[in-house]
Amino acid sequence: MSNWLDFKMIKRNVALESVLQHYYVKLRRSGKDQYRGRCPIHRGDGHDAFHVNLAVNVFHCFACGAGGTVLDFVAAMEGCSLFEAAKRLQAMTCSPTPLTSTPKEKKLVTERRRAASPLNFKLTGIDCSHSYLAERGITEKTAVEFGVGFYTGPGLMHGRLAIPIHNGEGELVAYCGRSVDQTQPRYRVPPAFAKSEMLYNMHRAGCERNSSVVVVEGFFDCMKVHQADVRSVVALMGSALYEPQRYALLSKFRSVILLLDGDPTGRKASTAIAQNLRTHCCVQVALLPDGVQPDQLPAEEIAQILQPFANDD
Ligand SMILES: [Zn+2]
């Protein structure tokens with residue numbers, strides 16, 4: 001592939017529909033080839049401000065004034081130059097699943113791709129008072145609230161601490177099993193579970209009517225922050241922010257406080273995530289001392305660390 005970027009070719013050949021799908025934009029059909037919905041660029045309240053015409057391959061937002069071709073859209077979403085947008089689109093179109101493949105009927109994502117289908121069972125007999133929880137500083141009240149506990153029944157979670165994971169809509173989609181001794185792997189999830197598709201605790205944090213959210217790495221970090229009375233908190237279940245997670249964050253919150261681990265991985269991730277989100281929302285980084293993770297801290301200390309970032313809404 002040459003470095004030559006053919007802007008005209010990209011504008012003509014890359015379907016805006018595919019690009020909108022890539023960013024999980026949800027729109028309603030309003031006419032032949034026409035769609036409208038909430039603007040993914042300025043993310044304002046107007047539920048009809050953002051208009052798309054798939055026949056002409058253009059968009060326009062009547063609220064923030066953004067508009068143009070696929071190139072303008074990507075540049076606005078990524079906060080980058082048109083040249084950079086063209087490079088990204090060119091890379092996308094060269095990927096194994098071509099973005100230009102248009103479905104037979106012109107059907108724009110009317111619903112976000114389902115992150116994971118809900119489980120059709122629920123584990124019973126989970127012991128929320130298991131000593132491992134106390135060892136990790138999780139109170140029984142929190143354990144009950146999060147449905148976390150030791151499981152002795154059969155299956156993948158046997159003899160592990162079962163941690164229920166819900167999607168943004170609050171549907172149970174998986175359990176993660178944490179070993180309570182030296183057994184490897186430390187965390188066991190069902191093979192089909194894609195953690196990159198969701199944020200742990202999003203269904204609770206999203207109901208908090210708070211415009212800001214604390215982002216941590218792990219399940220226990222999340223529960224500890226919750227115990228510190230900061231209820232708007234989600235966990236990445238790792239140290240990277242993936243596109244569906246980014247979308248979920250930006251569509252619910254205007255301000256993000258990163259509270260990742262005080263190790264080189266956490267620091268590097270903080271910088272990368274802050275940079276990624278900065279053009280779209282307010283990002284603040286809470287720094288922890290070297291080698292410290294939120295789940296190792298007592299609630300009072302977590303509250304103290306987060307206090308300067310608190311806002312009143
Ligand atoms: Zn707009």
# chains A, B, ... in the order shown; residues from 1 in each chain; ligands from 1
call {"tool": "residues_near_ligand", "arguments": {"ligand": "ligand 1", "cutoff": "9 Å", "atoms": "only C-alpha atoms and all ligand atoms", "output": "list of chain:residue names"}}
result
A:Arg38, A:Cys39, A:Pro40, A:Ile41, A:His42, A:Arg43, A:Gly44, A:Gly46, A:Ala49, A:Phe50, A:His60, A:Cys61, A:Phe62, A:Ala63, A:Cys64, A:Gly65, A:Ala66, A:Gly67
call {"tool": "select_by_dssp", "arguments": {"residues": "stretch 237-279 of chain A", "states": "helix (DSSP H, G or I)", "output": "list in words"}}
result
Glu243, Pro244, Gln245, Arg246, Tyr247, Ala248, Leu249, Leu250, Ser251, Lys252, Pro264, Thr265, Gly266, Arg267, Lys268, Ala269, Ser270, Thr271, Ala272, Ile273, Ala274, Gln275, Asn276, Leu277 and Arg278 of chain A
call {"tool": "write_last_selection", "arguments": {"atoms": "N, CA, C and O atoms", "output": "mmCIF file, in the first residue's frame"}}
result
data_model
loop_
_atom_site.group_PDB
_atom_site.id
_atom_site.type_symbol
_atom_site.label_atom_id
_atom_site.label_comp_id
_atom_site.auth_asym_id
_atom_site.auth_seq_id
_atom_site.Cartn_x
_atom_site.Cartn_y
_atom_site.Cartn_z
ATOM 1 N N GLU A 243 -12.906 0.745 22.202
ATOM 2 C CA GLU A 243 -13.885 1.618 21.566
ATOM 3 C C GLU A 243 -15.302 1.512 22.158
ATOM 4 O O GLU A 243 -15.907 2.537 22.476
ATOM 5 N N PRO A 244 -15.853 0.304 22.342
ATOM 6 C CA PRO A 244 -17.204 0.243 22.918
ATOM 7 C C PRO A 244 -17.257 0.831 24.331
ATOM 8 O O PRO A 244 -18.239 1.453 24.713
ATOM 9 N N GLN A 245 -16.179 0.658 25.084
ATOM 10 C CA GLN A 245 -16.123 1.198 26.443
ATOM 11 C C GLN A 245 -16.035 2.726 26.389
ATOM 12 O O GLN A 245 -16.694 3.429 27.146
ATOM 13 N N ARG A 246 -15.249 3.204 25.449
ATOM 14 C CA ARG A 246 -15.082 4.643 25.261
ATOM 15 C C ARG A 246 -16.424 5.262 24.896
ATOM 16 O O ARG A 246 -16.825 6.288 25.417
ATOM 17 N N TYR A 247 -17.132 4.586 24.022
ATOM 18 C CA TYR A 247 -18.432 5.083 23.591
ATOM 19 C C TYR A 247 -19.397 5.147 24.775
ATOM 20 O O TYR A 247 -20.097 6.129 24.978
ATOM 21 N N ALA A 248 -19.389 4.080 25.580
ATOM 22 C CA ALA A 248 -20.289 4.029 26.740
ATOM 23 C C ALA A 248 -19.981 5.166 27.709
ATOM 24 O O ALA A 248 -20.880 5.834 28.213
ATOM 25 N N LEU A 249 -18.698 5.418 27.934
ATOM 26 C CA LEU A 249 -18.297 6.491 28.847
ATOM 27 C C LEU A 249 -18.759 7.844 28.334
ATOM 28 O O LEU A 249 -19.370 8.631 29.057
ATOM 29 N N LEU A 250 -18.451 8.107 27.061
ATOM 30 C CA LEU A 250 -18.741 9.422 26.495
ATOM 31 C C LEU A 250 -20.232 9.673 26.344
ATOM 32 O O LEU A 250 -20.674 10.820 26.361
ATOM 33 N N SER A 251 -21.020 8.607 26.194
ATOM 34 C CA SER A 251 -22.442 8.862 26.020
ATOM 35 C C SER A 251 -23.145 9.074 27.357
ATOM 36 O O SER A 251 -24.263 9.546 27.389
ATOM 37 N N LYS A 252 -22.485 8.756 28.467
ATOM 38 C CA LYS A 252 -23.123 8.931 29.776
ATOM 39 C C LYS A 252 -22.526 10.078 30.602
ATOM 40 O O LYS A 252 -23.206 10.688 31.402
ATOM 41 N N PRO A 264 3.897 1.109 36.471
ATOM 42 C CA PRO A 264 4.195 1.616 35.117
ATOM 43 C C PRO A 264 3.055 1.367 34.120
ATOM 44 O O PRO A 264 2.730 2.248 33.316
ATOM 45 N N THR A 265 2.408 0.195 34.206
ATOM 46 C CA THR A 265 1.303 -0.105 33.276
ATOM 47 C C THR A 265 0.152 0.869 33.482
ATOM 48 O O THR A 265 -0.395 1.423 32.519
ATOM 49 N N GLY A 266 -0.203 1.085 34.750
ATOM 50 C CA GLY A 266 -1.303 1.985 35.064
ATOM 51 C C GLY A 266 -1.006 3.410 34.638
ATOM 52 O O GLY A 266 -1.861 4.119 34.110
ATOM 53 N N ARG A 267 0.228 3.854 34.865
ATOM 54 C CA ARG A 267 0.617 5.230 34.522
ATOM 55 C C ARG A 267 0.548 5.433 33.013
ATOM 56 O O ARG A 267 0.034 6.445 32.519
ATOM 57 N N LYS A 268 1.087 4.443 32.286
ATOM 58 C CA LYS A 268 1.107 4.524 30.824
ATOM 59 C C LYS A 268 -0.329 4.532 30.283
ATOM 60 O O LYS A 268 -0.677 5.306 29.395
ATOM 61 N N ALA A 269 -1.164 3.666 30.878
ATOM 62 C CA ALA A 269 -2.560 3.582 30.441
ATOM 63 C C ALA A 269 -3.289 4.892 30.718
ATOM 64 O O ALA A 269 -4.047 5.382 29.881
ATOM 65 N N SER A 270 -3.041 5.486 31.886
ATOM 66 C CA SER A 270 -3.659 6.767 32.239
ATOM 67 C C SER A 270 -3.376 7.823 31.180
ATOM 68 O O SER A 270 -4.268 8.532 30.730
ATOM 69 N N THR A 271 -2.106 7.921 30.810
ATOM 70 C CA THR A 271 -1.707 8.921 29.828
ATOM 71 C C THR A 271 -2.404 8.669 28.499
ATOM 72 O O THR A 271 -2.954 9.591 27.892
ATOM 73 N N ALA A 272 -2.409 7.420 28.066
ATOM 74 C CA ALA A 272 -3.004 7.089 26.770
ATOM 75 C C ALA A 272 -4.511 7.339 26.773
ATOM 76 O O ALA A 272 -5.056 7.931 25.836
ATOM 77 N N ILE A 273 -5.184 6.930 27.846
ATOM 78 C CA ILE A 273 -6.638 7.081 27.915
ATOM 79 C C ILE A 273 -7.012 8.565 28.019
ATOM 80 O O ILE A 273 -7.939 9.027 27.369
ATOM 81 N N ALA A 274 -6.245 9.304 28.827
ATOM 82 C CA ALA A 274 -6.524 10.738 28.968
ATOM 83 C C ALA A 274 -6.411 11.432 27.620
ATOM 84 O O ALA A 274 -7.252 12.244 27.246
ATOM 85 N N GLN A 275 -5.392 11.073 26.882
ATOM 86 C CA GLN A 275 -5.166 11.674 25.567
ATOM 87 C C GLN A 275 -6.317 11.327 24.613
ATOM 88 O O GLN A 275 -6.815 12.175 23.882
ATOM 89 N N ASN A 276 -6.752 10.093 24.690
ATOM 90 C CA ASN A 276 -7.827 9.602 23.839
ATOM 91 C C ASN A 276 -9.155 10.306 24.128
ATOM 92 O O ASN A 276 -9.923 10.618 23.217
ATOM 93 N N LEU A 277 -9.418 10.590 25.405
ATOM 94 C CA LEU A 277 -10.716 11.160 25.779
ATOM 95 C C LEU A 277 -10.737 12.682 25.782
ATOM 96 O O LEU A 277 -11.797 13.287 25.711
ATOM 97 N N ARG A 278 -9.558 13.280 25.879
ATOM 98 C CA ARG A 278 -9.461 14.716 26.156
ATOM 99 C C ARG A 278 -10.245 15.597 25.197
ATOM 100 O O ARG A 278 -10.842 16.583 25.630
#
call {"tool": "atom_distance", "arguments": {"atom1": "atom CA of A:Gly68", "atom2": "atom CA of A:Leu5"}}
result
18.3 Å
call {"tool": "residues_around", "arguments": {"residues": "A:Gly170", "least_positions_apart": "6", "cutoff": "10 Å", "atoms": "only C-alpha atoms", "output": "PyMOL selection string"}}
result
chain A and resi 118+201-204+206
call {"tool": "closest_residue", "arguments": {"among": "A:Lys122, A:Lys141, A:Arg29, A:Lys224", "to": "A:Tyr175", "atoms": "only C-alpha atoms"}}
result
A:Lys122
call {"tool": "residues_around", "arguments": {"residues": "A:Val230", "least_positions_apart": "5", "cutoff": "9 Å", "atoms": "only C-alpha atoms", "output": "list in words"}}
result
Val213, Val214, Val225, Ala303 and Leu306 of chain A
call {"tool": "write_last_selection", "arguments": {"atoms": "C-alpha atoms", "output": "JSON list (two decimals), in the first residue's frame"}}
result
[["chain", "number", "residue", "atom", "x", "y", "z"],
["A", 213, "VAL", "CA", -17.32, 9.03, 36.70],
["A", 214, "VAL", "CA", -14.26, 7.47, 38.29],
["A", 225, "VAL", "CA", -14.23, 3.11, 45.54],
["A", 303, "ALA", "CA", -12.31, 9.39, 49.61],
["A", 306, "LEU", "CA", -10.96, 11.69, 45.12]]
call {"tool": "atom_distance", "arguments": {"atom1": "atom CA of A:Ser212", "atom2": "atom CA of A:Ile257"}}
result
7.4 Å
call {"tool": "select_by_dssp", "arguments": {"residues": "stretch 189-298 of chain A", "states": "strand (DSSP E or B)", "output": "PyMOL selection string"}}
result
chain A and resi 200+212-216+233-235+255-258+282-285
call {"tool": "closest_residue", "arguments": {"among": "A:Leu260, A:Val285, A:Ala194, A:Ile138", "to": "A:Ala299", "atoms": "only C-alpha atoms"}}
result
A:Ile138
call {"tool": "atom_distance", "arguments": {"atom1": "atom CA of A:Tyr24", "atom2": "atom CA of A:Arg88"}}
result
16.7 Å
call {"tool": "residues_around", "arguments": {"residues": "A:Gln293", "least_positions_apart": "5", "cutoff": "8 Å", "atoms": "only C-alpha atoms", "output": "ChimeraX atom specification"}}
result
/A:221,260-262,288
call {"tool": "write_last_selection", "arguments": {"atoms": "N, CA, C and O atoms", "output": "PDB file, in the first residue's frame"}}
result
ATOM      1  N   ASP A 221     -10.954  -2.773  42.882  1.00  0.00           N
ATOM      2  CA  ASP A 221     -10.777  -1.313  42.919  1.00  0.00           C
ATOM      3  C   ASP A 221     -12.149  -0.658  42.909  1.00  0.00           C
ATOM      4  O   ASP A 221     -12.434   0.270  43.657  1.00  0.00           O
ATOM      5  N   LEU A 260      -6.140   4.859  38.035  1.00  0.00           N
ATOM      6  CA  LEU A 260      -5.555   3.565  37.691  1.00  0.00           C
ATOM      7  C   LEU A 260      -4.415   3.246  38.659  1.00  0.00           C
ATOM      8  O   LEU A 260      -4.024   4.078  39.480  1.00  0.00           O
ATOM      9  N   ASP A 261      -3.890   2.045  38.540  1.00  0.00           N
ATOM     10  CA  ASP A 261      -2.858   1.594  39.468  1.00  0.00           C
ATOM     11  C   ASP A 261      -1.590   2.461  39.390  1.00  0.00           C
ATOM     12  O   ASP A 261      -1.241   2.970  38.328  1.00  0.00           O
ATOM     13  N   GLY A 262      -0.912   2.564  40.522  1.00  0.00           N
ATOM     14  CA  GLY A 262       0.323   3.350  40.582  1.00  0.00           C
ATOM     15  C   GLY A 262       1.538   2.550  40.152  1.00  0.00           C
ATOM     16  O   GLY A 262       2.579   2.618  40.792  1.00  0.00           O
ATOM     17  N   LEU A 288      -1.748   7.832  42.089  1.00  0.00           N
ATOM     18  CA  LEU A 288      -1.510   7.065  43.316  1.00  0.00           C
ATOM     19  C   LEU A 288      -0.006   6.916  43.517  1.00  0.00           C
ATOM     20  O   LEU A 288       0.758   6.930  42.550  1.00  0.00           O
TER      21      LEU A 288
END
call {"tool": "residues_around", "arguments": {"residues": "A:Gln304", "least_positions_apart": "4", "cutoff": "12 Å", "atoms": "only C-alpha atoms", "output": "PDB file with C-alpha atoms, in the first residue's frame"}}
result
ATOM      1  CA  VAL A 225     -14.232   3.112  45.535  1.00  0.00           C
ATOM      2  CA  ALA A 228     -15.659   5.087  49.861  1.00  0.00           C
ATOM      3  CA  ASP A 229     -19.120   6.420  48.972  1.00  0.00           C
ATOM      4  CA  VAL A 230     -18.190   7.321  45.424  1.00  0.00           C
ATOM      5  CA  ALA A 286      -5.718  10.963  40.138  1.00  0.00           C
ATOM      6  CA  LEU A 288      -1.510   7.065  43.316  1.00  0.00           C
ATOM      7  CA  PRO A 294      -6.954   1.557  44.814  1.00  0.00           C
ATOM      8  CA  LEU A 297      -6.388   1.545  50.282  1.00  0.00           C
ATOM      9  CA  PRO A 298      -8.859   2.076  53.103  1.00  0.00           C
ATOM     10  CA  ALA A 299     -12.100   3.810  52.164  1.00  0.00           C
ATOM     11  CA  GLU A 300     -11.144   7.058  53.953  1.00  0.00           C
ATOM     12  CA  PRO A 308     -10.425  17.340  45.030  1.00  0.00           C
ATOM     13  CA  PHE A 309     -12.154  15.986  41.930  1.00  0.00           C
ATOM     14  CA  ALA A 310     -15.645  16.012  43.396  1.00  0.00           C
TER      15      ALA A 310
END
call {"tool": "residues_around", "arguments": {"residues": "A:Phe146", "least_positions_apart": "6", "cutoff": "10 Å", "atoms": "only C-alpha atoms", "output": "CSV table (one decimal) with C-alpha atoms, in the first residue's frame"}}
result
chain,number,residue,atom,x,y,z
A,128,CYS,CA,-21.1,-13.2,50.4
A,140,GLU,CA,-20.4,-8.0,53.4
A,163,ILE,CA,-18.2,-11.9,40.4
A,164,PRO,CA,-21.4,-11.2,38.3
A,165,ILE,CA,-20.9,-8.8,35.3
A,201,ASN,CA,-20.5,-1.5,37.2
A,204,ARG,CA,-25.1,1.2,38.6
A,223,MET,CA,-15.9,-2.1,44.9
call {"tool": "closest_residue", "arguments": {"among": "A:Gly159, A:Arg178, A:Leu89, A:Gln227", "to": "A:Thr142", "atoms": "only C-alpha atoms"}}
result
A:Gln227
call {"tool": "closest_residue", "arguments": {"among": "A:Val234, A:Val173, A:Val189, A:Val19", "to": "A:Leu119", "atoms": "only C-alpha atoms"}}
result
A:Val173
call {"tool": "closest_residue", "arguments": {"among": "A:Asn53, A:Ser211, A:Ser129, A:Gln296", "to": "A:Lys32", "atoms": "only C-alpha atoms"}}
result
A:Asn53
call {"tool": "closest_residue", "arguments": {"among": "A:Ala162, A:Ser131, A:Gly137, A:Phe7", "to": "A:Phe83", "atoms": "only C-alpha atoms"}}
result
A:Phe7
